[in-house]
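data05.txt (compact mmCIF, C-alpha atoms and all ligand atoms) appears below.
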# COMPACT_ATOMS: atom_id res chain seq x y z
CA MET A 166 -16.44 25.96 -77.96
CA LEU A 167 -18.99 23.73 -76.23
CA LYS A 168 -17.57 21.10 -73.90
CA ASN A 169 -19.69 17.97 -73.66
CA ARG A 170 -19.30 15.30 -70.99
CA GLY A 171 -16.36 13.05 -71.92
CA THR A 172 -18.52 9.95 -71.72
CA LEU A 173 -20.35 11.00 -74.87
CA ASN A 174 -17.17 10.86 -76.91
CA HIS A 175 -17.36 7.07 -76.62
CA MET A 176 -21.02 6.86 -77.57
CA GLN A 177 -22.94 6.87 -80.82
CA ALA A 178 -26.55 7.68 -81.62
CA TYR A 179 -28.79 4.62 -81.80
CA VAL A 180 -29.21 3.33 -85.35
CA PRO A 181 -32.84 2.24 -85.74
CA GLY A 182 -34.28 -0.06 -88.36
CA LYS A 183 -34.33 1.73 -91.71
CA PRO A 184 -37.64 3.56 -92.30
CA ILE A 185 -39.79 2.46 -95.26
CA ASP A 186 -39.91 5.95 -96.78
CA ASP A 187 -36.10 6.19 -96.85
CA VAL A 188 -35.89 3.02 -98.93
CA LYS A 189 -38.68 4.15 -101.26
CA ARG A 190 -36.83 7.43 -101.92
CA GLU A 191 -33.37 5.94 -102.16
CA PHE A 192 -34.23 3.20 -104.64
CA GLY A 193 -37.23 4.78 -106.35
CA ILE A 194 -39.54 1.87 -105.50
CA THR A 195 -43.11 2.03 -104.25
CA GLU A 196 -43.60 -1.40 -102.70
CA VAL A 197 -41.48 -1.79 -99.60
CA ILE A 198 -41.90 -4.15 -96.67
CA LYS A 199 -40.14 -3.62 -93.35
CA ILE A 200 -39.34 -6.78 -91.44
CA ALA A 201 -36.62 -5.16 -89.41
CA SER A 202 -37.89 -3.81 -86.08
CA ASN A 203 -40.12 -6.55 -84.67
CA GLU A 204 -43.27 -4.48 -85.06
CA ASN A 205 -46.66 -6.18 -85.24
CA PRO A 206 -47.44 -6.76 -88.95
CA TYR A 207 -51.16 -6.98 -88.15
CA GLY A 208 -51.33 -3.42 -86.79
CA CYS A 209 -53.24 -2.89 -83.57
CA SER A 210 -56.72 -3.51 -82.18
CA ARG A 211 -59.46 -1.50 -83.90
CA HIS A 212 -60.52 -0.37 -80.41
CA VAL A 213 -57.23 1.49 -80.24
CA ILE A 214 -58.19 3.51 -83.32
CA ASP A 215 -61.51 4.46 -81.71
CA ALA A 216 -59.79 5.44 -78.47
CA LEU A 217 -57.30 7.60 -80.37
CA LYS A 218 -60.06 9.38 -82.28
CA GLU A 219 -61.62 10.33 -78.99
CA ALA A 220 -58.33 11.31 -77.36
CA ILE A 221 -57.30 13.51 -80.29
CA THR A 222 -59.93 16.12 -79.32
CA GLN A 223 -58.03 16.88 -76.08
CA VAL A 224 -54.45 17.33 -77.20
CA GLU A 225 -54.16 20.75 -75.52
CA ILE A 226 -54.46 19.13 -72.09
CA TYR A 227 -51.41 17.64 -70.32
CA PRO A 228 -51.61 13.91 -69.79
CA ASP A 229 -52.38 12.31 -66.43
CA GLY A 230 -48.82 12.02 -65.09
CA ASN A 231 -49.83 9.07 -62.93
CA ALA A 232 -51.45 7.20 -65.83
CA THR A 233 -54.19 6.34 -63.33
CA LEU A 234 -56.68 4.48 -65.51
CA LEU A 235 -54.04 2.56 -67.41
CA LYS A 236 -52.24 1.68 -64.18
CA GLU A 237 -55.44 0.38 -62.60
CA ALA A 238 -56.25 -1.69 -65.68
CA VAL A 239 -52.77 -3.23 -65.94
CA ALA A 240 -52.72 -3.90 -62.18
CA THR A 241 -56.04 -5.74 -62.48
CA HIS A 242 -54.86 -7.60 -65.57
CA LEU A 243 -51.71 -8.80 -63.78
CA ASN A 244 -53.32 -9.20 -60.37
CA ILE A 245 -50.90 -6.83 -58.61
CA LYS A 246 -51.17 -3.49 -56.77
CA THR A 247 -50.97 -0.18 -58.61
CA ASP A 248 -47.89 0.87 -56.59
CA GLN A 249 -45.99 -1.98 -58.23
CA LEU A 250 -46.21 -0.33 -61.66
CA LEU A 251 -44.44 2.47 -63.47
CA PHE A 252 -45.04 3.55 -67.07
CA GLY A 253 -42.49 4.87 -69.50
CA ALA A 254 -42.29 6.19 -73.04
CA GLY A 255 -41.51 2.65 -74.10
CA SER A 256 -39.69 0.25 -71.82
CA ASP A 257 -36.68 1.89 -73.41
CA GLU A 258 -37.20 4.99 -71.27
CA ILE A 259 -37.46 2.82 -68.16
CA ILE A 260 -34.06 1.29 -68.95
CA THR A 261 -32.60 4.80 -68.69
CA PHE A 262 -34.54 5.39 -65.43
CA ILE A 263 -32.98 2.23 -64.01
CA ALA A 264 -29.51 3.47 -64.92
CA ASN A 265 -30.32 6.93 -63.50
CA VAL A 266 -31.39 5.40 -60.20
CA PHE A 267 -28.78 2.72 -59.66
CA ILE A 268 -25.54 3.51 -61.52
CA ASN A 269 -22.80 5.62 -59.98
CA PRO A 270 -19.61 6.31 -61.98
CA GLY A 271 -17.53 3.13 -62.10
CA ASP A 272 -20.38 0.81 -61.12
CA GLU A 273 -20.62 -2.33 -63.18
CA VAL A 274 -23.58 -3.49 -65.19
CA LEU A 275 -23.72 -7.01 -66.57
CA SER A 276 -25.57 -8.40 -69.54
CA CYS A 277 -24.91 -10.77 -72.42
CA THR A 278 -23.93 -10.10 -76.01
CA PRO A 279 -25.49 -10.00 -78.52
CA SER A 280 -28.48 -8.47 -76.80
CA PHE A 281 -30.47 -5.26 -76.61
CA PRO A 282 -28.04 -2.35 -77.15
CA ARG A 283 -29.85 0.07 -74.85
CA TYR A 284 -28.55 -1.63 -71.70
CA GLN A 285 -25.06 -0.57 -72.68
CA SER A 286 -25.86 3.00 -73.71
CA ALA A 287 -27.95 3.67 -70.58
CA THR A 288 -25.02 2.42 -68.47
CA GLN A 289 -22.42 4.45 -70.33
CA LEU A 290 -24.49 7.59 -70.03
CA MET A 291 -24.20 7.30 -66.25
CA ASP A 292 -20.44 6.66 -66.49
CA GLY A 293 -21.03 3.08 -65.48
CA CYS A 294 -18.97 0.20 -66.76
CA PHE A 295 -20.87 -2.18 -69.04
CA ILE A 296 -19.62 -5.75 -69.06
CA ALA A 297 -20.97 -8.06 -71.74
CA VAL A 298 -20.71 -11.82 -71.26
CA PRO A 299 -20.87 -13.63 -74.62
CA CYS A 300 -23.96 -15.70 -75.26
CA VAL A 301 -23.37 -19.45 -75.45
CA ASP A 302 -24.99 -20.98 -78.53
CA TYR A 303 -26.76 -17.61 -78.91
CA LYS A 304 -28.40 -18.09 -75.48
CA TYR A 305 -27.94 -15.94 -72.38
CA ASP A 306 -25.11 -17.41 -70.33
CA LEU A 307 -26.64 -17.10 -66.87
CA GLN A 308 -23.75 -18.90 -65.18
CA GLY A 309 -21.35 -16.59 -67.00
CA LEU A 310 -23.25 -13.63 -65.55
CA ILE A 311 -23.00 -15.07 -62.04
CA ASP A 312 -19.27 -15.60 -62.56
CA GLY A 313 -18.98 -12.00 -63.75
CA ILE A 314 -20.34 -10.51 -60.52
CA THR A 315 -17.83 -8.37 -58.60
CA ASP A 316 -18.26 -6.05 -55.62
CA LYS A 317 -18.90 -3.24 -58.13
CA THR A 318 -21.82 -4.98 -59.85
CA LYS A 319 -25.08 -3.06 -59.46
CA VAL A 320 -27.45 -4.22 -62.18
CA ILE A 321 -27.86 -7.29 -64.40
CA PHE A 322 -30.01 -6.96 -67.51
CA ILE A 323 -31.55 -10.08 -69.00
CA ALA A 324 -33.62 -9.90 -72.16
CA ASN A 325 -35.90 -12.91 -71.95
CA PRO A 326 -36.51 -13.83 -74.69
CA ASN A 327 -33.37 -12.26 -76.06
CA ASN A 328 -33.22 -9.81 -78.94
CA PRO A 329 -31.66 -10.39 -81.53
CA THR A 330 -31.24 -14.13 -80.98
CA GLY A 331 -34.86 -15.02 -80.09
CA THR A 332 -33.69 -17.51 -77.46
CA MET A 333 -35.17 -17.75 -73.98
CA CYS A 334 -34.16 -18.83 -70.50
CA THR A 335 -36.50 -21.35 -68.90
CA ALA A 336 -38.25 -20.95 -65.57
CA GLU A 337 -35.85 -23.41 -64.00
CA GLU A 338 -32.75 -21.64 -65.34
CA GLN A 339 -34.02 -18.24 -64.26
CA ARG A 340 -34.86 -19.47 -60.76
CA ALA A 341 -31.43 -21.06 -60.32
CA PHE A 342 -29.86 -17.81 -61.49
CA LEU A 343 -31.87 -15.59 -59.13
CA GLU A 344 -30.94 -17.87 -56.23
CA GLN A 345 -27.28 -17.03 -56.81
CA VAL A 346 -27.57 -13.26 -57.27
CA PRO A 347 -26.83 -11.31 -54.07
CA PRO A 348 -29.93 -9.36 -52.99
CA HIS A 349 -28.22 -5.95 -53.31
CA ILE A 350 -27.85 -6.44 -57.09
CA LEU A 351 -30.80 -5.47 -59.23
CA VAL A 352 -31.95 -7.98 -61.83
CA VAL A 353 -33.94 -6.60 -64.76
CA ALA A 354 -35.98 -9.20 -66.63
CA ASP A 355 -36.81 -7.48 -69.92
CA GLU A 356 -39.85 -9.35 -71.22
CA ALA A 357 -40.59 -7.26 -74.31
CA TYR A 358 -41.70 -10.42 -76.16
CA PHE A 359 -43.64 -11.88 -73.24
CA GLU A 360 -46.88 -12.34 -75.22
CA TYR A 361 -45.10 -14.52 -77.78
CA ALA A 362 -42.89 -16.40 -75.34
CA CYS A 363 -45.50 -17.24 -72.72
CA GLU A 364 -46.93 -19.76 -75.19
CA SER A 365 -44.02 -21.98 -74.25
CA GLU A 366 -44.54 -24.24 -71.25
CA ASP A 367 -41.16 -23.65 -69.64
CA TYR A 368 -41.15 -19.87 -70.06
CA PRO A 369 -40.86 -18.37 -66.57
CA ASP A 370 -43.76 -16.85 -64.67
CA THR A 371 -41.48 -14.08 -63.44
CA MET A 372 -44.39 -12.21 -61.85
CA SER A 373 -44.71 -15.02 -59.31
CA LEU A 374 -41.14 -14.36 -58.11
CA LEU A 375 -41.58 -10.68 -57.24
CA ASN A 376 -42.42 -11.30 -53.58
CA GLU A 377 -39.46 -13.57 -53.10
CA TYR A 378 -36.87 -11.46 -54.95
CA LYS A 379 -37.17 -7.81 -53.95
CA ASN A 380 -34.27 -7.01 -56.29
CA LEU A 381 -36.23 -7.88 -59.43
CA ILE A 382 -37.75 -5.58 -62.06
CA ILE A 383 -39.82 -6.94 -64.94
CA LEU A 384 -40.15 -4.83 -68.09
CA ARG A 385 -43.02 -5.27 -70.52
CA THR A 386 -44.19 -3.18 -73.46
CA PHE A 387 -47.13 -2.31 -75.68
CA SER A 388 -44.76 -1.91 -78.63
CA LYS A 389 -44.57 -5.48 -79.82
CA ALA A 390 -47.57 -7.86 -79.65
CA TYR A 391 -50.00 -5.01 -78.85
CA GLY A 392 -48.86 -3.13 -81.95
CA LEU A 393 -48.38 0.33 -80.41
CA ALA A 394 -44.68 0.90 -81.16
CA SER A 395 -45.17 4.46 -82.42
CA LEU A 396 -47.05 5.55 -79.29
CA ARG A 397 -44.29 4.59 -76.84
CA VAL A 398 -45.75 2.78 -73.83
CA GLY A 399 -43.88 0.30 -71.68
CA TYR A 400 -43.99 -0.51 -67.99
CA ALA A 401 -41.96 -1.78 -65.07
CA ILE A 402 -43.28 -4.19 -62.49
CA SER A 403 -41.50 -4.45 -59.16
CA GLN A 404 -41.86 -3.94 -55.41
CA PRO A 405 -43.26 -0.52 -54.33
CA PRO A 406 -39.90 0.80 -52.96
CA VAL A 407 -38.19 0.17 -56.32
CA ILE A 408 -41.08 1.75 -58.22
CA ASP A 409 -40.89 4.75 -55.90
CA LEU A 410 -37.22 5.26 -56.78
CA LEU A 411 -37.90 5.02 -60.52
CA ASN A 412 -40.69 7.57 -60.12
CA ARG A 413 -38.22 10.11 -58.75
CA VAL A 414 -36.34 10.29 -62.06
CA ARG A 415 -39.41 10.06 -64.30
CA GLY A 416 -40.50 13.24 -66.08
CA PRO A 417 -43.94 14.49 -64.97
CA PHE A 418 -45.76 13.76 -68.25
CA ASN A 419 -43.62 11.08 -69.86
CA VAL A 420 -46.46 9.05 -71.39
CA THR A 421 -48.85 10.99 -73.62
CA SER A 422 -52.64 10.89 -73.22
CA LEU A 423 -52.97 9.29 -76.65
CA ALA A 424 -50.54 6.59 -75.63
CA GLN A 425 -52.30 5.94 -72.31
CA LYS A 426 -55.74 5.71 -73.89
CA ALA A 427 -54.48 3.54 -76.73
CA ALA A 428 -52.74 1.16 -74.33
CA LEU A 429 -55.88 0.89 -72.22
CA ALA A 430 -57.96 -0.02 -75.26
CA ALA A 431 -55.27 -2.44 -76.45
CA LEU A 432 -55.14 -4.18 -73.09
CA HIS A 433 -58.88 -4.74 -73.19
CA ASP A 434 -58.65 -6.51 -76.54
CA GLN A 435 -56.82 -9.67 -75.56
CA ALA A 436 -58.52 -11.49 -78.44
CA PHE A 437 -56.51 -9.34 -80.85
CA VAL A 438 -53.23 -10.21 -79.15
CA LYS A 439 -54.13 -13.88 -79.13
CA ALA A 440 -54.94 -13.83 -82.85
CA CYS A 441 -51.62 -12.11 -83.63
CA VAL A 442 -49.64 -14.59 -81.56
CA SER A 443 -51.36 -17.46 -83.30
CA LYS A 444 -50.70 -16.03 -86.79
CA ASN A 445 -47.09 -15.40 -85.75
CA LYS A 446 -46.74 -19.06 -84.87
CA GLU A 447 -48.03 -20.14 -88.27
CA VAL A 448 -45.66 -17.80 -90.07
CA LYS A 449 -42.78 -19.00 -87.90
CA THR A 450 -43.42 -22.62 -88.88
CA TYR A 451 -43.47 -21.57 -92.54
CA ALA A 452 -40.24 -19.59 -92.12
CA TYR A 453 -38.42 -22.53 -90.51
CA ARG A 454 -39.52 -24.74 -93.38
CA MET A 455 -38.32 -22.25 -95.98
CA CYS A 456 -34.99 -21.80 -94.21
CA ASP A 457 -34.53 -25.58 -94.23
CA GLU A 458 -35.38 -25.71 -97.92
CA LEU A 459 -32.99 -22.90 -98.83
CA GLY A 460 -30.17 -24.03 -96.58
CA ILE A 461 -30.34 -20.97 -94.35
CA SER A 462 -29.40 -21.80 -90.77
CA TYR A 463 -31.41 -20.23 -87.98
CA ILE A 464 -31.93 -20.20 -84.25
CA LYS A 465 -35.31 -21.39 -82.95
CA SER A 466 -37.15 -18.34 -81.71
CA SER A 467 -39.56 -17.66 -78.84
CA THR A 468 -40.47 -14.32 -80.39
CA ASN A 469 -41.80 -12.64 -83.54
CA PHE A 470 -38.40 -12.58 -85.26
CA ILE A 471 -35.77 -15.10 -86.30
CA MET A 472 -32.01 -14.76 -86.39
CA MET A 473 -30.64 -16.35 -89.56
CA LYS A 474 -27.18 -17.11 -90.87
CA THR A 475 -26.42 -17.10 -94.58
CA ASN A 476 -23.24 -17.27 -96.65
CA TYR A 477 -23.60 -13.55 -97.39
CA ASN A 478 -22.11 -10.68 -95.46
CA ALA A 479 -25.09 -9.32 -93.51
CA HIS A 480 -24.65 -5.75 -94.66
CA ASP A 481 -24.34 -6.71 -98.32
CA LEU A 482 -27.48 -8.80 -98.03
CA PHE A 483 -29.26 -5.93 -96.28
CA VAL A 484 -28.43 -3.55 -99.14
CA LYS A 485 -29.27 -6.13 -101.80
CA LEU A 486 -32.68 -6.91 -100.29
CA GLN A 487 -33.50 -3.21 -100.08
CA THR A 488 -33.15 -2.82 -103.82
CA HIS A 489 -35.94 -5.40 -103.97
CA GLY A 490 -38.07 -3.50 -101.45
CA ILE A 491 -37.31 -5.56 -98.36
CA ILE A 492 -35.84 -4.14 -95.16
CA ILE A 493 -34.25 -6.56 -92.70
CA ARG A 494 -31.80 -5.98 -89.86
CA PRO A 495 -28.13 -6.88 -90.42
CA LEU A 496 -26.22 -7.75 -87.26
CA GLY A 497 -22.90 -5.97 -87.54
CA GLU A 498 -19.98 -7.36 -89.50
CA THR A 499 -21.23 -10.95 -89.53
CA ASN A 500 -23.31 -13.26 -91.69
CA LEU A 501 -26.17 -12.92 -89.24
CA ILE A 502 -29.43 -11.16 -89.97
CA ARG A 503 -32.54 -10.64 -87.86
CA VAL A 504 -35.79 -11.03 -89.73
CA THR A 505 -39.09 -9.97 -88.18
CA LEU A 506 -41.94 -12.37 -88.86
CA GLY A 507 -44.20 -10.29 -91.08
CA THR A 508 -47.46 -11.44 -92.60
CA MET A 509 -47.46 -14.67 -94.61
CA ASP A 510 -47.42 -12.61 -97.84
CA GLU A 511 -44.45 -10.58 -96.66
CA MET A 512 -42.53 -13.71 -95.74
CA LYS A 513 -43.31 -15.30 -99.11
CA LYS A 514 -41.86 -12.24 -100.77
CA PHE A 515 -38.80 -12.34 -98.52
CA PHE A 516 -38.06 -16.01 -99.17
CA ALA A 517 -38.65 -15.63 -102.90
CA GLU A 518 -35.97 -12.93 -102.97
CA MET A 519 -33.66 -14.98 -100.78
CA LYS A 520 -34.02 -17.87 -103.19
CA ASN A 521 -32.96 -15.58 -106.04
CA LEU A 522 -30.04 -14.15 -104.16
CA LEU A 523 -28.51 -17.21 -102.57
C1 LIG B 601 -38.30 -3.75 -78.53
C2 LIG B 601 -37.58 -4.00 -77.27
C3 LIG B 601 -37.70 -3.14 -76.17
C4 LIG B 601 -38.21 -1.74 -76.23
O1 LIG B 601 -39.47 -1.57 -76.50
P1 LIG B 601 -40.16 -0.16 -76.27
O2 LIG B 601 -40.72 0.16 -77.60
O3 LIG B 601 -39.15 0.84 -75.83
O4 LIG B 601 -41.13 -0.46 -75.21
C5 LIG B 601 -37.08 -3.48 -74.98
N1 LIG B 601 -36.36 -4.60 -74.89
C6 LIG B 601 -36.20 -5.43 -75.91
C7 LIG B 601 -35.38 -6.64 -75.74
C8 LIG B 601 -36.79 -5.15 -77.15
O5 LIG B 601 -36.59 -5.96 -78.18
Translate this structure into structure tokens?
Ligand SMILES: *Cc1c(COP(=O)(O)O)cnc(C)c1O
Amino acid sequence: MLKNRGTLNHMQAYVPGKPIDDVKREFGITEVIKIASNENPYGCSRHVIDALKEAITQVEIYPDGNATLLKEAVATHLNIKTDQLLFGAGSDEIITFIANVFINPGDEVLSCTPSFPRYQSATQLMDGCFIAVPCVDYKYDLQGLIDGITDKTKVIFIANPNNPTGTMCTAEEQRAFLEQVPPHILVVADEAYFEYACESEDYPDTMSLLNEYKNLIILRTFSKAYGLASLRVGYAISQPPVIDLLNRVRGPFNVTSLAQKAALAALHDQAFVKACVSKNKEVKTYAYRMCDELGISYIKSSTNFIMMKTNYNAHDLFVKLQTHGIIIRPLGETNLIRVTLGTMDEMKKFFAEMKNLL
């Protein structure tokens, strides 16, 4: 009999947003919208499609393990040095690199709950001890995290803005927090929704803190506003010594050539990102209005999704909406759901169904 590591007995496989084809098959319907995984409903830049067509002729060649061209382009875009960047198959992969590098058995990792579940699984996989401080009013409790620090604490993960709540910490709050974190503890600022959040005046310019706080890693991704979720490209920004450590656990060819070329093309089309962010804002305003009209409570979001609270059990609502061709994300055994801001048409369909159901 095979003997797995004991740690795995306490873990479960990640449950992703339900795929569209599953719902079509299960309920025998042809029109299905997925507003469950915070993907970009407007697709990606058309330049990405062109880049992919070109890249597809060279699939027999291994990718550039250093992601040289993409690294140079992102470094220029962010006005940093190339040795401050590391690419992963999604920022998700980099979260596991961080755990691989910094977590010894018994080390403590702090974050808030509810938040991104991968912080916990990456910690557990290294036999670390994950400690979740409850959010306060669905916001990261930064003081609670400070209070939770012990001499075993190694890493603190902060999703800013947070998923699934959509809330953000301000520049002032983040700065006050960083001031109190001892310099031997790594702080990971996961900015997966940066492009949406940076619209807000008090959203932190975390990049500007990298020189001051050598214990800081910023995570960004091409999966959300850039619309490349299926290609898997994310990156870490930090000081060169931290990047060097992460590079030691990175597989040699972790980001495919198609992904690298697509990300490069996507980066060069900032107009596309801008247009998506602007449409997202419009749809968000509409969604707030509809929630108010239908008596659905919600948390104001700095992202492309909204957490809502209804009188329905989330899982029941999730199943019910599926039979009408709508996939949302239920949040455990609560009345909370997370709804990605789709196109205006998708949201109209969603709220029409909600009106029927509630
Ligand atoms: C979506 C998301 C990510 C992961 O994105 P990748 O596709 O792995 O780059 C990371 N953090 C948060 C908070 C997210 O919501």
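Residue nearest Asn412 in chain A within the list A:Pro348, A:Gly230, A:Gly255, A:Pro326: A:Gly230 [criterion: smallest interatomic distance, only C-alpha atoms].
Computed from the coordinates, the atom C6 of ligand LIG 601 (chain B) to CA of Ala357 in chain A distance equals 5.0 Å.
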Produce as a ChimeraX atom specification the set of residues near ligand LIG 601 (chain B), where near means within 6 Å with all atoms listed in the file considered. /A:255-257,281,324,327-328,355,357,386,388,394,397-399
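Using all atoms listed in the file, the protein and nucleic acid residues lying no more than 9 Å from Tyr453 in chain A, apart from those fewer than 6 places from it along its own chain, are A:Tyr463, A:Lys465, A:Ile471.
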Starting from 6 Å padding per side, set up an axis-aligned box that covers all listed atoms of range 475-482 of chain A and hand over centre and edge lengths in Å, one decimal, as lines of an AutoDock Vina configuration file.
center_x = -24.8
center_y = -11.5
center_z = -95.9
size_x = 17.4
size_y = 23.5
size_z = 16.8
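Ranking A:Val197, A:Val274, A:Ala390, A:Leu375 by their shortest atom-to-atom distance to Ile402 in chain A, with only C-alpha atoms included, puts A:Leu375 first.
The two atoms in question, CA of Ile491 in chain A and CA of Ile198 in chain A, are spaced 5.1 Å apart.
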Return range 232-240 of chain A, completed with all heavy atoms, as a CSV table (one decimal), keeping the file's coordinate frame.
chain,number,residue,atom,x,y,z
A,232,ALA,N,-50.8,8.2,-64.9
A,232,ALA,CA,-51.4,7.2,-65.8
A,232,ALA,C,-52.5,6.4,-65.1
A,232,ALA,O,-52.5,5.1,-65.2
A,232,ALA,CB,-50.4,6.3,-66.5
A,233,THR,N,-53.3,7.0,-64.3
A,233,THR,CA,-54.2,6.3,-63.3
A,233,THR,C,-55.0,5.2,-63.9
A,233,THR,O,-55.0,4.1,-63.4
A,233,THR,CB,-55.1,7.4,-62.7
A,233,THR,OG1,-54.3,8.5,-62.2
A,233,THR,CG2,-55.9,6.7,-61.5
A,234,LEU,N,-55.8,5.5,-65.0
A,234,LEU,CA,-56.7,4.5,-65.5
A,234,LEU,C,-55.9,3.3,-66.1
A,234,LEU,O,-56.3,2.1,-65.9
A,234,LEU,CB,-57.6,5.1,-66.6
A,234,LEU,CG,-58.6,6.1,-66.1
A,234,LEU,CD1,-59.4,6.7,-67.3
A,234,LEU,CD2,-59.5,5.5,-65.0
A,235,LEU,N,-54.9,3.6,-66.8
A,235,LEU,CA,-54.0,2.6,-67.4
A,235,LEU,C,-53.4,1.7,-66.3
A,235,LEU,O,-53.4,0.5,-66.4
A,235,LEU,CB,-53.0,3.2,-68.3
A,235,LEU,CG,-52.0,2.2,-69.0
A,235,LEU,CD1,-52.8,1.2,-69.8
A,235,LEU,CD2,-51.0,2.9,-69.8
A,236,LYS,N,-52.9,2.4,-65.3
A,236,LYS,CA,-52.2,1.7,-64.2
A,236,LYS,C,-53.2,0.7,-63.5
A,236,LYS,O,-52.9,-0.4,-63.2
A,236,LYS,CB,-51.7,2.7,-63.2
A,236,LYS,CG,-50.7,2.1,-62.2
A,236,LYS,CD,-50.1,3.2,-61.3
A,236,LYS,CE,-49.1,4.1,-61.9
A,236,LYS,NZ,-48.5,5.0,-61.0
A,237,GLU,N,-54.4,1.2,-63.3
A,237,GLU,CA,-55.4,0.4,-62.6
A,237,GLU,C,-55.8,-0.8,-63.5
A,237,GLU,O,-55.9,-2.0,-63.0
A,237,GLU,CB,-56.7,1.2,-62.3
A,237,GLU,CG,-56.6,2.0,-61.0
A,237,GLU,CD,-57.7,3.1,-60.9
A,237,GLU,OE1,-58.6,3.1,-61.7
A,237,GLU,OE2,-57.6,3.8,-59.9
A,238,ALA,N,-55.9,-0.6,-64.8
A,238,ALA,CA,-56.2,-1.7,-65.7
A,238,ALA,C,-55.1,-2.7,-65.8
A,238,ALA,O,-55.4,-3.9,-65.7
A,238,ALA,CB,-56.6,-1.1,-67.1
A,239,VAL,N,-53.9,-2.3,-65.9
A,239,VAL,CA,-52.8,-3.2,-65.9
A,239,VAL,C,-52.6,-4.0,-64.6
A,239,VAL,O,-52.4,-5.2,-64.6
A,239,VAL,CB,-51.4,-2.5,-66.3
A,239,VAL,CG1,-50.3,-3.5,-66.2
A,239,VAL,CG2,-51.5,-2.0,-67.7
A,240,ALA,N,-52.8,-3.3,-63.5
A,240,ALA,CA,-52.7,-3.9,-62.2
A,240,ALA,C,-53.8,-5.0,-62.1
A,240,ALA,O,-53.5,-6.1,-61.6
A,240,ALA,CB,-52.9,-2.9,-61.1
